[in-house]
Amino acid sequence: MVGVLLVTAAMVTASSLAQTVPVPKPAPKGRDGAQSGGGGPAVTGATQAPPNPVIPDPRRNVPSSIFQTFDANQKAQAAKVSAYLSSLSTLVGNFVQVGPDGSKTQGDFYIQKPGKVRFEYDAPSPIDIVADGSSLVVRDRKLATQDVYPLSQTPLRFLLSDRIDLMKDTNVVGVSADDVFVSVTIEEKQALVGTSRLLLMFGAKDGQLKQWTVTDPQGYDTTIAVYNLDSSKKLDPSMFKIDFTNYGPAPG
């Protein structure tokens, strides 16, 4: 399937191997061996429990229009989100993923901007997702196979951009805020595959990334909530190298 569906497809694959979310575990360690903490730009305290992801209403219908307009408050909220995303150079944490069927998986993630990310799913899932700045692979450790896609055709590129102005660089179709979340919805239309959406949600009080939802052109949602965030970690560049020697193309 065309690359824009990649992240959703990978998440569905991992979700099919889901397990019950266990009791909290320590935040992931950087390759230098230091342990991440919770919350803000640096380590801030005790390890957090896995959150319950907020699942969007499947009946929602986000209006899409090339004439979409936003008021001053919405533009200000989008500017805050853009500034926060642009301020990050690395981000490490844990995640809980909810697939379209409601099943849960969890694991660790590592981001190094621009363009590099690694998602490591906990057992029994054999899935890793790795982006090296230009390509993204969905790897099955058990089968020793992987699918390769251009990073430019995946929704993750918005999170991995070195600098971003959401209102200028993306097709924002919705901005909303309440006492808990600031939410930004980005829509993409591609002639061959249809329309997909990325819903980003940030804490209204701390401004930190809380979760995102990818909606594929068939309308299926995959939501990832992140926690125990640490943006002070220095990461080993080898974490983001794509292994073409030990992992071949997926069969078919």
# chains A, B, ... in the order shown; residues from 1 in each chain; ligands from 1
call {"tool": "select_by_dssp", "arguments": {"residues": "stretch 61-249 of chain A", "states": "alpha helix (DSSP H)", "output": "list in words"}}
result
Ala72, Asn73, Gln74, Lys75, Ala76, Gln77, Ala78, Ala79, Lys80, Val81, Ser82, Ala83, Tyr84, Leu85, Ser86, Ser87, Arg157, Phe158, Leu159, Leu160, Leu166, Met167, Lys168 and Asp169 of chain A
call {"tool": "residues_around", "arguments": {"residues": "stretch 92-105 of chain A", "least_positions_apart": "3", "cutoff": "6 Å", "atoms": "only C-alpha atoms", "output": "ChimeraX atom specification"}}
result
/A:12,15,18,108-110,220-230
call {"tool": "closest_residue", "arguments": {"among": "A:Lys210, A:Arg157, A:Arg118, A:Arg60", "to": "A:Ser134", "atoms": "only C-alpha atoms"}}
result
A:Arg157
call {"tool": "closest_residue", "arguments": {"among": "A:Gly133, A:Tyr247, A:Pro237, A:Val138", "to": "A:Tyr121", "atoms": "only C-alpha atoms"}}
result
A:Val138
call {"tool": "closest_atom_pairs", "arguments": {"of": "stretch 135-245 of chain A", "to": "stretch 67-78 of chain A", "cutoff": "9 Å", "atoms": "only C-alpha atoms", "output": "JSON lines"}}
result
{"residue": "A:Asp165", "atom": "CA", "partner": "A:Ala78", "partner_atom": "CA", "distance": 8.2}
{"residue": "A:Leu166", "atom": "CA", "partner": "A:Ala78", "partner_atom": "CA", "distance": 6.6}
{"residue": "A:Met167", "atom": "CA", "partner": "A:Ala78", "partner_atom": "CA", "distance": 7.1}
{"residue": "A:Val172", "atom": "CA", "partner": "A:Gln68", "partner_atom": "CA", "distance": 8.5}
{"residue": "A:Val173", "atom": "CA", "partner": "A:Gln68", "partner_atom": "CA", "distance": 6.7}
{"residue": "A:Gly174", "atom": "CA", "partner": "A:Phe70", "partner_atom": "CA", "distance": 8.4}
{"residue": "A:Val175", "atom": "CA", "partner": "A:Gln74", "partner_atom": "CA", "distance": 5.8}
{"residue": "A:Ser176", "atom": "CA", "partner": "A:Gln74", "partner_atom": "CA", "distance": 6.8}
{"residue": "A:Ala177", "atom": "CA", "partner": "A:Gln77", "partner_atom": "CA", "distance": 7.9}
{"residue": "A:Val182", "atom": "CA", "partner": "A:Gln77", "partner_atom": "CA", "distance": 7.3}
{"residue": "A:Ser183", "atom": "CA", "partner": "A:Ala78", "partner_atom": "CA", "distance": 8.7}
{"residue": "A:Val184", "atom": "CA", "partner": "A:Ala78", "partner_atom": "CA", "distance": 7.2}
call {"tool": "write_last_selection", "arguments": {"atoms": "C-alpha atoms", "output": "PDB file, in the first residue's frame"}}
result
ATOM      1  CA  ASP A 165       4.943  26.242  11.134  1.00  0.00           C
ATOM      2  CA  LEU A 166       1.752  24.211  11.114  1.00  0.00           C
ATOM      3  CA  MET A 167      -0.368  26.915   9.512  1.00  0.00           C
ATOM      4  CA  VAL A 172      -4.596  22.384   9.079  1.00  0.00           C
ATOM      5  CA  VAL A 173      -8.352  21.770   9.059  1.00  0.00           C
ATOM      6  CA  GLY A 174      -9.073  22.049  12.784  1.00  0.00           C
ATOM      7  CA  VAL A 175      -7.719  23.754  15.916  1.00  0.00           C
ATOM      8  CA  SER A 176      -9.485  23.437  19.269  1.00  0.00           C
ATOM      9  CA  ALA A 177      -8.663  23.875  22.941  1.00  0.00           C
ATOM     10  CA  VAL A 182      -5.003  21.658  22.583  1.00  0.00           C
ATOM     11  CA  SER A 183      -5.790  19.700  19.418  1.00  0.00           C
ATOM     12  CA  VAL A 184      -4.634  20.288  15.845  1.00  0.00           C
TER      13      VAL A 184
END
call {"tool": "atom_distance", "arguments": {"atom1": "atom CA of A:Pro150", "atom2": "atom CA of A:Val117"}}
result
13.4 Å
call {"tool": "closest_residue", "arguments": {"among": "A:Leu143, A:Val130, A:Val54, A:Ile164", "to": "A:Leu199", "atoms": "only C-alpha atoms"}}
result
A:Val54
